$ cat entry01.cif   # mmCIF, C-alpha atoms
data_protein
#
loop_
_atom_site.group_PDB
_atom_site.id
_atom_site.type_symbol
_atom_site.label_atom_id
_atom_site.label_comp_id
_atom_site.auth_asym_id
_atom_site.auth_seq_id
_atom_site.Cartn_x
_atom_site.Cartn_y
_atom_site.Cartn_z
ATOM 1 C CA MET S 25 -105.950 -42.379 40.004
ATOM 2 C CA GLU S 26 -105.208 -42.142 43.716
ATOM 3 C CA LEU S 27 -103.500 -44.623 46.031
ATOM 4 C CA SER S 28 -105.405 -45.622 49.148
ATOM 5 C CA GLU S 29 -104.323 -44.375 52.580
ATOM 6 C CA SER S 30 -103.827 -47.974 53.730
ATOM 7 C CA PHE S 31 -101.337 -48.567 50.925
ATOM 8 C CA LEU S 32 -99.460 -45.324 51.592
ATOM 9 C CA LYS S 33 -99.073 -46.248 55.259
ATOM 10 C CA THR S 34 -97.726 -49.762 54.641
ATOM 11 C CA ARG S 35 -95.173 -49.037 51.906
ATOM 12 C CA ARG S 36 -91.477 -48.859 52.753
ATOM 13 C CA ILE S 37 -89.385 -46.145 51.123
ATOM 14 C CA GLU S 38 -85.960 -47.698 50.533
ATOM 15 C CA THR S 39 -84.732 -45.487 47.682
ATOM 16 C CA LEU S 40 -85.670 -42.039 46.417
ATOM 17 C CA VAL S 41 -85.568 -43.134 42.751
ATOM 18 C CA GLU S 42 -88.099 -45.721 41.587
ATOM 19 C CA ASN S 43 -88.854 -47.096 45.044
ATOM 20 C CA ARG S 44 -90.834 -50.262 44.294
ATOM 21 C CA SER S 45 -93.689 -51.928 46.193
ATOM 22 C CA THR S 46 -94.751 -55.263 44.680
ATOM 23 C CA PHE S 47 -97.934 -57.340 44.998
ATOM 24 C CA THR S 48 -98.291 -60.742 43.325
ATOM 25 C CA LEU S 49 -101.393 -62.725 42.416
ATOM 26 C CA ASN S 50 -102.022 -65.583 39.990
ATOM 27 C CA HIS S 51 -100.642 -64.761 36.522
ATOM 28 C CA THR S 52 -100.052 -61.078 37.361
ATOM 29 C CA GLU S 53 -97.668 -58.884 39.333
ATOM 30 C CA LEU S 54 -98.455 -55.301 40.293
ATOM 31 C CA SER S 55 -95.650 -52.875 41.136
ATOM 32 C CA ILE S 56 -96.075 -49.318 42.395
ATOM 33 C CA PHE S 57 -93.053 -47.097 41.691
ATOM 34 C CA GLU S 58 -92.392 -43.796 43.456
ATOM 35 C CA THR S 59 -89.607 -41.347 42.680
ATOM 36 C CA HIS S 60 -88.851 -38.561 45.173
ATOM 37 C CA GLN S 61 -86.053 -36.669 43.432
ATOM 38 C CA MET S 62 -85.214 -35.548 39.909
ATOM 39 C CA ALA S 63 -83.287 -38.154 37.928
ATOM 40 C CA GLU S 64 -82.234 -39.022 34.382
ATOM 41 C CA ASN S 65 -81.427 -42.188 32.453
ATOM 42 C CA VAL S 66 -83.049 -44.625 34.876
ATOM 43 C CA TYR S 67 -83.284 -48.042 33.212
ATOM 44 C CA LEU S 68 -86.046 -50.588 33.813
ATOM 45 C CA LYS S 69 -86.987 -53.892 32.184
ATOM 46 C CA PHE S 70 -89.647 -56.581 32.742
ATOM 47 C CA SER S 71 -89.365 -60.203 31.643
ATOM 48 C CA ASP S 72 -93.118 -60.315 30.861
ATOM 49 C CA PRO S 73 -95.423 -58.021 28.834
ATOM 50 C CA VAL S 74 -96.281 -55.040 31.000
ATOM 51 C CA LEU S 75 -98.826 -52.251 31.236
ATOM 52 C CA ALA S 76 -97.344 -49.098 32.778
ATOM 53 C CA SER S 77 -99.775 -46.377 33.828
ATOM 54 C CA MET S 78 -98.978 -42.962 35.299
ATOM 55 C CA ILE S 79 -100.565 -41.994 38.611
ATOM 56 C CA SER S 80 -98.994 -38.602 39.326
ATOM 57 C CA GLY S 81 -96.105 -36.432 38.188
ATOM 58 C CA LYS S 82 -94.288 -36.640 34.884
ATOM 59 C CA LYS S 83 -91.835 -38.989 33.215
ATOM 60 C CA ILE S 84 -90.015 -38.680 29.927
ATOM 61 C CA MET S 85 -89.882 -42.110 28.283
ATOM 62 C CA HIS S 86 -87.197 -43.227 25.827
ATOM 63 C CA LEU S 87 -88.100 -46.535 24.150
ATOM 64 C CA ASN S 88 -86.382 -48.501 21.405
ATOM 65 C CA GLN S 89 -89.335 -48.598 19.010
ATOM 66 C CA HIS S 90 -90.976 -45.320 19.942
ATOM 67 C CA MET S 91 -90.139 -41.635 19.800
ATOM 68 C CA ASP S 92 -89.389 -40.016 23.133
ATOM 69 C CA PHE S 93 -92.586 -38.829 24.801
ATOM 70 C CA ASP S 94 -93.888 -37.203 27.968
ATOM 71 C CA PHE S 95 -95.680 -39.744 30.145
ATOM 72 C CA LEU S 96 -98.452 -38.058 32.136
ATOM 73 C CA PRO S 97 -101.216 -39.029 34.613
ATOM 74 C CA GLY S 98 -104.132 -40.769 32.915
ATOM 75 C CA GLU S 99 -101.876 -42.295 30.246
ATOM 76 C CA SER S 100 -100.613 -45.854 29.805
ATOM 77 C CA VAL S 101 -98.093 -47.655 27.671
ATOM 78 C CA ILE S 102 -97.922 -51.335 26.736
ATOM 79 C CA LEU S 103 -94.425 -52.802 26.538
ATOM 80 C CA PRO S 104 -93.453 -56.264 25.240
ATOM 81 C CA SER S 105 -91.321 -58.571 27.374
ATOM 82 C CA ASP S 106 -87.673 -57.576 27.861
ATOM 83 C CA GLU S 107 -88.241 -54.075 26.463
ATOM 84 C CA ILE S 108 -85.703 -51.683 27.978
ATOM 85 C CA MET S 109 -87.125 -48.392 29.241
ATOM 86 C CA CYS S 110 -84.914 -45.362 29.778
ATOM 87 C CA ILE S 111 -86.736 -42.879 32.014
ATOM 88 C CA ASP S 112 -86.193 -39.272 33.080
ATOM 89 C CA PHE S 113 -87.934 -37.690 36.081
ATOM 90 C CA PRO S 114 -87.771 -33.923 35.459
ATOM 91 C CA GLU S 115 -90.177 -32.835 38.215
ATOM 92 C CA ALA S 116 -89.981 -35.431 41.010
ATOM 93 C CA SER S 117 -89.528 -34.139 44.577
ATOM 94 C CA LEU S 118 -90.119 -35.241 48.166
ATOM 95 C CA LYS S 119 -93.309 -33.168 48.342
ATOM 96 C CA ASN S 120 -94.557 -34.194 44.881
ATOM 97 C CA PRO S 121 -93.216 -37.641 44.023
ATOM 98 C CA THR S 122 -93.738 -39.171 40.595
ATOM 99 C CA LYS S 123 -95.885 -42.308 40.886
ATOM 100 C CA CYS S 124 -96.525 -45.030 38.335
ATOM 101 C CA LEU S 125 -97.964 -48.530 38.382
ATOM 102 C CA ALA S 126 -96.676 -51.426 36.308
ATOM 103 C CA MET S 127 -98.742 -54.567 35.776
ATOM 104 C CA ALA S 128 -96.801 -57.528 34.378
ATOM 105 C CA PHE S 129 -98.937 -60.165 32.613
ATOM 106 C CA ASP S 130 -98.147 -63.842 32.292
ATOM 107 C CA GLN S 131 -97.798 -64.497 28.544
ATOM 108 C CA GLU S 132 -99.753 -67.752 28.740
ATOM 109 C CA ARG S 133 -102.640 -65.982 30.469
ATOM 110 C CA LEU S 134 -102.581 -63.231 27.844
ATOM 111 C CA ASP S 135 -102.696 -65.755 25.015
ATOM 112 C CA LYS S 136 -105.609 -67.580 26.647
ATOM 113 C CA VAL S 137 -107.716 -64.410 26.910
ATOM 114 C CA ILE S 138 -107.000 -63.436 23.281
ATOM 115 C CA ASN S 139 -107.670 -66.958 21.978
ATOM 116 C CA ASN S 140 -110.993 -67.079 23.845
ATOM 117 C CA LEU S 141 -111.916 -63.685 22.418
ATOM 118 C CA ASN S 142 -111.194 -64.899 18.888
ATOM 119 C CA GLU S 143 -113.374 -67.961 19.461
ATOM 120 C CA ILE S 144 -116.298 -66.228 21.170
ATOM 121 C CA ARG S 145 -116.250 -62.776 19.528
ATOM 122 C CA PRO S 146 -114.193 -63.016 16.310
ATOM 123 C CA LYS S 147 -113.566 -59.893 14.271
ATOM 124 C CA ILE S 148 -115.291 -59.492 10.929
ATOM 125 C CA ASP S 149 -113.608 -59.920 7.545
ATOM 126 C CA ASN S 150 -111.290 -62.712 8.733
ATOM 127 C CA GLN S 151 -109.329 -60.423 11.038
ATOM 128 C CA GLU S 152 -107.958 -61.666 14.371
ATOM 129 C CA TRP S 153 -107.606 -60.081 17.785
ATOM 130 C CA LYS S 154 -103.974 -59.697 18.819
ATOM 131 C CA PHE S 155 -102.286 -58.291 21.901
ATOM 132 C CA THR S 156 -99.698 -55.797 20.737
ATOM 133 C CA SER S 157 -96.107 -56.967 20.360
ATOM 134 C CA ASN S 158 -94.908 -53.346 20.038
ATOM 135 C CA ASN S 159 -94.954 -50.290 22.270
ATOM 136 C CA PHE S 160 -98.423 -48.763 22.454
ATOM 137 C CA HIS S 161 -98.876 -45.400 24.199
ATOM 138 C CA PHE S 162 -102.465 -44.289 24.812
ATOM 139 C CA THR S 163 -104.746 -42.194 26.996
ATOM 140 C CA ASN S 164 -106.895 -44.235 29.373
ATOM 141 C CA ASP S 165 -110.609 -44.028 28.760
ATOM 142 C CA ILE S 166 -112.977 -43.979 31.724
ATOM 143 C CA ALA S 167 -113.446 -47.765 31.707
ATOM 144 C CA ILE S 168 -109.702 -48.561 31.733
ATOM 145 C CA GLN S 169 -109.053 -45.933 34.409
ATOM 146 C CA GLN S 170 -111.747 -47.415 36.657
ATOM 147 C CA ILE S 171 -110.449 -50.960 36.148
ATOM 148 C CA LEU S 172 -106.931 -49.889 37.117
ATOM 149 C CA GLN S 173 -108.222 -48.160 40.248
ATOM 150 C CA ARG S 174 -110.182 -51.270 41.183
ATOM 151 C CA LEU S 175 -107.191 -53.546 40.564
ATOM 152 C CA VAL S 176 -104.937 -51.463 42.810
ATOM 153 C CA PHE S 177 -107.535 -51.856 45.559
ATOM 154 C CA ILE S 178 -107.865 -55.626 44.974
ATOM 155 C CA PHE S 179 -104.102 -56.236 44.922
ATOM 156 C CA THR S 180 -103.505 -54.275 48.125
ATOM 157 C CA GLU S 181 -106.458 -55.534 50.193
ATOM 158 C CA GLN S 182 -106.372 -58.667 52.308
ATOM 159 C CA HIS S 183 -109.328 -60.588 50.881
ATOM 160 C CA PRO S 184 -109.229 -64.413 50.565
ATOM 161 C CA SER S 185 -110.876 -64.277 47.116
ATOM 162 C CA LYS S 186 -108.799 -61.484 45.628
ATOM 163 C CA ASP S 187 -107.183 -63.810 43.058
ATOM 164 C CA ILE S 188 -110.643 -64.494 41.621
ATOM 165 C CA PHE S 189 -111.640 -60.832 41.657
ATOM 166 C CA ALA S 190 -108.392 -59.761 39.993
ATOM 167 C CA ASP S 191 -108.567 -62.480 37.339
ATOM 168 C CA LEU S 192 -111.961 -61.264 36.144
ATOM 169 C CA MET S 193 -110.865 -57.623 36.124
ATOM 170 C CA ILE S 194 -107.620 -58.389 34.279
ATOM 171 C CA GLN S 195 -109.522 -60.286 31.598
ATOM 172 C CA GLU S 196 -111.718 -57.221 31.018
ATOM 173 C CA LEU S 197 -108.660 -54.961 31.075
ATOM 174 C CA ILE S 198 -106.908 -57.005 28.366
ATOM 175 C CA ILE S 199 -109.995 -56.956 26.131
ATOM 176 C CA ARG S 200 -110.438 -53.194 26.547
ATOM 177 C CA ILE S 201 -106.772 -52.611 25.734
ATOM 178 C CA VAL S 202 -106.958 -54.567 22.464
ATOM 179 C CA GLN S 203 -110.158 -52.700 21.580
ATOM 180 C CA THR S 204 -108.393 -49.398 22.265
ATOM 181 C CA GLU S 205 -105.464 -50.410 20.088
ATOM 182 C CA THR S 206 -107.862 -51.462 17.302
ATOM 183 C CA ARG S 207 -109.563 -48.058 17.515
ATOM 184 C CA VAL S 208 -106.218 -46.254 17.288
ATOM 185 C CA LEU S 209 -105.021 -48.521 14.461
ATOM 186 C CA TYR S 210 -108.177 -48.016 12.387
ATOM 187 C CA SER S 211 -108.194 -44.287 13.052
ATOM 188 C CA LYS S 212 -104.565 -43.805 11.992
ATOM 189 C CA ASN S 213 -104.643 -46.203 9.025
ATOM 190 C CA ALA S 214 -108.290 -46.035 7.920
ATOM 191 C CA ALA S 215 -107.575 -45.207 4.275
ATOM 192 C CA ARG S 216 -105.022 -48.003 3.894
ATOM 193 C CA LEU S 217 -107.199 -50.635 5.596
ATOM 194 C CA ALA S 218 -110.566 -49.564 4.134
ATOM 195 C CA SER S 219 -110.500 -51.890 1.130
ATOM 196 C CA ASP S 220 -110.144 -55.051 3.233
ATOM 197 C CA ASN S 221 -112.056 -54.219 6.396
ATOM 198 C CA ARG S 222 -115.621 -52.934 6.677
ATOM 199 C CA ILE S 223 -115.126 -51.213 10.029
ATOM 200 C CA ALA S 224 -112.005 -49.473 8.738
ATOM 201 C CA HIS S 225 -114.048 -48.474 5.679
ATOM 202 C CA VAL S 226 -116.656 -46.889 7.951
ATOM 203 C CA VAL S 227 -113.977 -45.173 10.033
ATOM 204 C CA ASN S 228 -112.417 -43.757 6.876
ATOM 205 C CA TYR S 229 -115.801 -42.399 5.772
ATOM 206 C CA ILE S 230 -116.342 -40.771 9.177
ATOM 207 C CA LYS S 231 -112.921 -39.113 9.099
ATOM 208 C CA GLU S 232 -113.386 -37.837 5.548
ATOM 209 C CA ASN S 233 -116.870 -36.443 6.307
ATOM 210 C CA ILE S 234 -116.413 -35.384 9.935
ATOM 211 C CA ARG S 235 -117.515 -31.800 9.181
ATOM 212 C CA GLU S 236 -120.826 -33.064 7.739
ATOM 213 C CA GLN S 237 -123.887 -34.432 9.499
ATOM 214 C CA ILE S 238 -123.227 -38.178 9.462
ATOM 215 C CA GLN S 239 -126.220 -40.516 9.496
ATOM 216 C CA VAL S 240 -125.869 -43.933 11.132
ATOM 217 C CA GLU S 241 -128.112 -45.413 8.440
ATOM 218 C CA GLN S 242 -125.466 -44.490 5.869
ATOM 219 C CA LEU S 243 -122.748 -46.132 7.969
ATOM 220 C CA CYS S 244 -124.790 -49.352 8.118
ATOM 221 C CA LYS S 245 -125.074 -49.362 4.323
ATOM 222 C CA LEU S 246 -121.311 -48.833 3.972
ATOM 223 C CA ALA S 247 -120.696 -51.793 6.277
ATOM 224 C CA CYS S 248 -123.388 -53.913 4.546
ATOM 225 C CA MET S 249 -124.973 -54.707 7.904
ATOM 226 C CA SER S 250 -128.270 -54.283 9.652
ATOM 227 C CA GLU S 251 -128.351 -51.464 12.191
ATOM 228 C CA SER S 252 -128.368 -53.784 15.206
ATOM 229 C CA ASN S 253 -125.520 -55.910 13.864
ATOM 230 C CA PHE S 254 -123.499 -52.849 12.885
ATOM 231 C CA TYR S 255 -123.793 -51.320 16.362
ATOM 232 C CA ARG S 256 -122.757 -54.614 17.986
ATOM 233 C CA VAL S 257 -119.763 -55.265 15.715
ATOM 234 C CA PHE S 258 -118.538 -51.665 15.817
ATOM 235 C CA LYS S 259 -118.613 -51.522 19.616
ATOM 236 C CA GLU S 260 -117.004 -54.954 19.981
ATOM 237 C CA GLU S 261 -114.097 -54.016 17.740
ATOM 238 C CA MET S 262 -113.680 -50.347 18.660
ATOM 239 C CA GLY S 263 -114.725 -50.419 22.319
ATOM 240 C CA ILE S 264 -117.147 -47.508 21.806
ATOM 241 C CA SER S 265 -120.341 -46.947 19.810
ATOM 242 C CA PRO S 266 -120.364 -45.314 16.334
ATOM 243 C CA ILE S 267 -121.874 -42.131 17.815
ATOM 244 C CA GLU S 268 -119.207 -41.996 20.534
ATOM 245 C CA PHE S 269 -116.484 -42.443 17.906
ATOM 246 C CA ILE S 270 -117.898 -39.610 15.771
ATOM 247 C CA ILE S 271 -117.936 -37.308 18.807
ATOM 248 C CA GLU S 272 -114.400 -38.382 19.717
ATOM 249 C CA GLU S 273 -113.162 -37.536 16.205
ATOM 250 C CA ARG S 274 -114.945 -34.158 16.252
ATOM 251 C CA ILE S 275 -113.466 -33.228 19.612
ATOM 252 C CA LYS S 276 -110.024 -34.275 18.360
ATOM 253 C CA LEU S 277 -110.436 -32.022 15.320
ATOM 254 C CA ALA S 278 -111.744 -29.170 17.483
ATOM 255 C CA SER S 279 -108.738 -29.357 19.831
ATOM 256 C CA SER S 280 -106.456 -29.067 16.807
ATOM 257 C CA LEU S 281 -108.350 -26.094 15.348
ATOM 258 C CA LEU S 282 -108.405 -24.268 18.690
ATOM 259 C CA LYS S 283 -104.613 -24.063 18.545
ATOM 260 C CA ASN S 284 -104.912 -21.960 15.398
ATOM 261 C CA PRO S 285 -105.183 -18.260 16.422
ATOM 262 C CA GLU S 286 -107.144 -17.479 13.249
ATOM 263 C CA PHE S 287 -110.127 -19.627 14.332
ATOM 264 C CA ARG S 288 -112.769 -18.263 16.687
ATOM 265 C CA ILE S 289 -114.726 -20.610 18.972
ATOM 266 C CA LYS S 290 -117.784 -20.343 16.708
ATOM 267 C CA ASP S 291 -115.663 -21.248 13.689
ATOM 268 C CA VAL S 292 -114.211 -24.264 15.502
ATOM 269 C CA TYR S 293 -117.464 -25.881 16.590
ATOM 270 C CA PHE S 294 -118.969 -25.399 13.127
ATOM 271 C CA GLU S 295 -115.879 -26.733 11.323
ATOM 272 C CA SER S 296 -115.845 -29.750 13.650
ATOM 273 C CA GLY S 297 -119.361 -30.792 12.674
ATOM 274 C CA PHE S 298 -121.219 -29.694 15.824
ATOM 275 C CA ASN S 299 -124.527 -27.915 15.334
ATOM 276 C CA SER S 300 -124.896 -26.594 18.883
ATOM 277 C CA LEU S 301 -122.374 -24.346 20.632
ATOM 278 C CA SER S 302 -123.644 -25.222 24.106
ATOM 279 C CA TYR S 303 -123.381 -28.959 23.382
ATOM 280 C CA PHE S 304 -119.878 -28.483 21.970
ATOM 281 C CA ASN S 305 -118.798 -26.566 25.082
ATOM 282 C CA ARG S 306 -120.197 -29.252 27.376
ATOM 283 C CA ILE S 307 -118.634 -32.203 25.523
ATOM 284 C CA PHE S 308 -115.286 -30.465 25.118
ATOM 285 C CA LYS S 309 -115.061 -29.602 28.813
ATOM 286 C CA LYS S 310 -115.955 -33.157 29.770
ATOM 287 C CA LYS S 311 -113.042 -34.414 27.652
ATOM 288 C CA TYR S 312 -110.342 -31.845 28.451
ATOM 289 C CA LYS S 313 -111.539 -30.548 31.876
ATOM 290 C CA VAL S 314 -111.420 -26.966 30.556
ATOM 291 C CA SER S 315 -113.744 -24.967 28.305
ATOM 292 C CA PRO S 316 -112.838 -24.418 24.624
ATOM 293 C CA SER S 317 -111.987 -20.776 25.357
ATOM 294 C CA GLU S 318 -109.707 -21.780 28.247
ATOM 295 C CA TYR S 319 -108.073 -24.431 26.058
ATOM 296 C CA LYS S 320 -107.520 -21.863 23.312
ATOM 297 C CA HIS S 321 -105.985 -19.419 25.792
ATOM 298 C CA GLN S 322 -103.643 -22.091 27.176
ATOM 299 C CA ALA S 323 -102.585 -23.082 23.656
ATOM 300 C CA ALA S 324 -101.828 -19.446 22.814
ATOM 301 C CA THR S 325 -99.811 -19.025 26.022
ATOM 302 C CA ILE S 326 -97.744 -22.140 25.372
ATOM 303 C CA GLY S 327 -97.291 -21.197 21.712
#
$ encode --input "entry01.cif" --output "structure tokens"
Amino acid sequence: MELSESFLKTRRIETLVENRSTFTLNHTELSIFETHQMAENVYLKFSDPVLASMISGKKIMHLNQHMDFDFLPGESVILPSDEIMCIDFPEASLKNPTKCLAMAFDQERLDKVINNLNEIRPKIDNQEWKFTSNNFHFTNDIAIQQILQRLVFIFTEQHPSKDIFADLMIQELIIRIVQTETRVLYSKNAARLASDNRIAHVVNYIKENIREQIQVEQLCKLACMSESNFYRVFKEEMGISPIEFIIEERIKLASSLLKNPEFRIKDVYFESGFNSLSYFNRIFKKKYKVSPSEYKHQAATIG
């Protein structure tokens, strides 16, 4: 994500640590933070639920309900209201400042979007959509990344209808975030949730058989749905199609296997369920921006 030249020219740098530029619209406040020198134990808190997303540089986050973690470009974290963040900036400098955006949501607006989603597109098996009340750290998918880029543009431009534009984009952003959290929740807890939730049951089957050739027809039978209904429900709840989820799980497995020096590239793509080396190379590079062999070399160097 890059900040526009117009924004960079208009901002005022008042402090080298977490310099803040703020833009406010209906129900939402956008802050851009820049840090120009290394720092430790910088505390920050928002009175509303907030989405923080890294733009450039690196932070180390220390949160009450979460293990310490590196916060890198292309990643976001959801924080509930009044959550205290303790932040380190190990690499910030005048030439390469650390930049992050924080989008604070009005709780009433959040509740309205989630309630409408439950009325219009309820989950199956008597489950309900919920916006997380805990810390949720995730990697932005392409859709979320594009929405954030668009919102930065909308907030910083001088358009008379920007409240309307932003409201529509924020509604989509909230829905995509809860879909992302559902996907992560089902993926991490598939076995535990499988008995009470058909999508979790399908996810559990995919994870247990990821090395095999998985047929969508079999997934439909497991979910007790027609193919068209299964595709619709799966994508509504997970944010991606069944095929995309299978590929995502295979790439995740492949990245793990590539870190093992005993596995060759050919072993990895086969063990991950791919039946074409060229396809595996193309999909992997699209995800990680490097080829499998380059990824393996980097892992060996770090190790």
$ axis_aligned_box --input "entry01.cif" --around "region 200-211 of chain S" --padding-each-side "4 Å" --output "AutoDock Vina command-line options"
--center_x -107.7 --center_y -49.4 --center_z 19.5 --size_x 13.4 --size_y 18.3 --size_z 22.2
$ residues_near_point --input "entry01.cif" --point "(-118.1, -53.9, 20.3)" --cutoff "12 Å" --atoms "all atoms listed in the file" --output "ChimeraX atom specification"
/S:141,145-148,199-200,202-204,206-207,223,252-266,268-269
$ resolve_selection --input "entry01.cif" --expression "the PyMOL selection byres ((chain S and resi 298) around 12)" --output "JSON, numbers by chain"
{"S": [234, 235, 236, 237, 238, 270, 271, 272, 273, 274, 275, 277, 278, 289, 290, 291, 292, 293, 294, 295, 296, 297, 299, 300, 301, 302, 303, 304, 305, 306, 307, 308]}
$ closest_residue --input "entry01.cif" --among "S:Tyr312, S:Leu49, S:Ser117, S:Leu96" --to "Ile178 (chain S)" --atoms "only C-alpha atoms"
S:Leu49
$ resolve_selection --input "entry01.cif" --expression "the PyMOL selection byres ((chain S and resi 128-132) around 7)" --output "mmCIF file with C-alpha atoms, in the frame of the given file"
data_model
loop_
_atom_site.group_PDB
_atom_site.id
_atom_site.type_symbol
_atom_site.label_atom_id
_atom_site.label_comp_id
_atom_site.auth_asym_id
_atom_site.auth_seq_id
_atom_site.Cartn_x
_atom_site.Cartn_y
_atom_site.Cartn_z
ATOM 1 C CA HIS S 51 -100.642 -64.761 36.522
ATOM 2 C CA THR S 52 -100.052 -61.078 37.361
ATOM 3 C CA GLU S 53 -97.668 -58.884 39.333
ATOM 4 C CA LEU S 54 -98.455 -55.301 40.293
ATOM 5 C CA ASP S 72 -93.118 -60.315 30.861
ATOM 6 C CA PRO S 73 -95.423 -58.021 28.834
ATOM 7 C CA VAL S 74 -96.281 -55.040 31.000
ATOM 8 C CA LEU S 75 -98.826 -52.251 31.236
ATOM 9 C CA ALA S 126 -96.676 -51.426 36.308
ATOM 10 C CA MET S 127 -98.742 -54.567 35.776
ATOM 11 C CA ARG S 133 -102.640 -65.982 30.469
ATOM 12 C CA LEU S 134 -102.581 -63.231 27.844
ATOM 13 C CA ASP S 135 -102.696 -65.755 25.015
ATOM 14 C CA LYS S 136 -105.609 -67.580 26.647
#
$ closest_residue --input "entry01.cif" --among "S:Arg44, S:Pro97, S:His60, S:Val176" --to "Asn164 (chain S)" --atoms "all atoms listed in the file"
S:Pro97
$ atom_distance --input "entry01.cif" --atom1 "CA of Thr46 (chain S)" --atom2 "CA of Gln182 (chain S)"
14.3 Å
$ atom_distance --input "entry01.cif" --atom1 "CA of Asn150 (chain S)" --atom2 "CA of Val226 (chain S)"
16.7 Å
$ closest_residue --input "entry01.cif" --among "S:Met109, S:Leu103, S:Leu87, S:Val227" --to "Leu68 (chain S)" --atoms "only C-alpha atoms"
S:Met109
$ resolve_selection --input "entry01.cif" --expression "the PyMOL selection byres ((chain S and resi 161) around 7)" --output "list of chain:residue names"
S:Ser100, S:Val101, S:Ile102, S:Asn159, S:Phe160, S:Phe162
$ atom_distance --input "entry01.cif" --atom1 "CA of Lys283 (chain S)" --atom2 "CA of Tyr319 (chain S)"
8.3 Å
$ closest_residue --input "entry01.cif" --among "S:Ala167, S:Ala214, S:Met249, S:Ile138" --to "Tyr229 (chain S)" --atoms "only C-alpha atoms"
S:Ala214
$ residues_around --input "entry01.cif" --residues "Ser77 (chain S)" --least-positions-apart "6" --cutoff "6 Å" --atoms "all atoms listed in the file" --output "ChimeraX atom specification"
/S:99-100,124-125
$ closest_residue --input "entry01.cif" --among "S:Glu181, S:Glu107, S:Glu58, S:Glu143" --to "Asn120 (chain S)" --atoms "only C-alpha atoms"
S:Glu58
$ closest_residue --input "entry01.cif" --among "S:Asn158, S:Asn233, S:Gln151, S:Asn140" --to "Ser105 (chain S)" --atoms "all atoms listed in the file"
S:Asn158
$ residues_around --input "entry01.cif" --residues "Ala190 (chain S)" --least-positions-apart "4" --cutoff "7 Å" --atoms "only C-alpha atoms" --output "PyMOL selection string"
chain S and resi 175+178+186+194
$ residues_around --input "entry01.cif" --residues "Thr122 (chain S)" --least-positions-apart "4" --cutoff "9 Å" --atoms "all atoms listed in the file" --output "PyMOL selection string"
chain S and resi 42+57-61+78-83+113+115-117
$ decode --input "entry01.cif" --residues "region 57-75 of chain S" --atoms "C-alpha atoms" --output "short mmCIF file (atom, residue, chain, number, x, y, z; two decimals), in the first residue's frame"
data_model
loop_
_atom_site.label_atom_id
_atom_site.label_comp_id
_atom_site.auth_asym_id
_atom_site.auth_seq_id
_atom_site.Cartn_x
_atom_site.Cartn_y
_atom_site.Cartn_z
CA PHE S 57 1.09 7.10 11.82
CA GLU S 58 4.73 7.62 10.83
CA THR S 59 7.77 6.87 12.95
CA HIS S 60 11.16 8.25 11.88
CA GLN S 61 13.48 6.86 14.55
CA MET S 62 13.92 3.60 16.43
CA ALA S 63 11.83 3.40 19.60
CA GLU S 64 10.58 0.92 22.19
CA ASN S 65 7.58 0.65 24.51
CA VAL S 66 5.40 3.20 22.73
CA TYR S 67 1.85 2.93 24.08
CA LEU S 68 -1.32 3.58 22.08
CA LYS S 69 -5.02 3.09 22.77
CA PHE S 70 -8.29 3.78 20.91
CA SER S 71 -11.69 4.25 22.54
CA ASP S 72 -13.40 2.48 19.60
CA PRO S 73 -12.73 -0.85 17.82
CA VAL S 74 -9.86 -0.31 15.41
CA LEU S 75 -8.28 -1.90 12.37
#
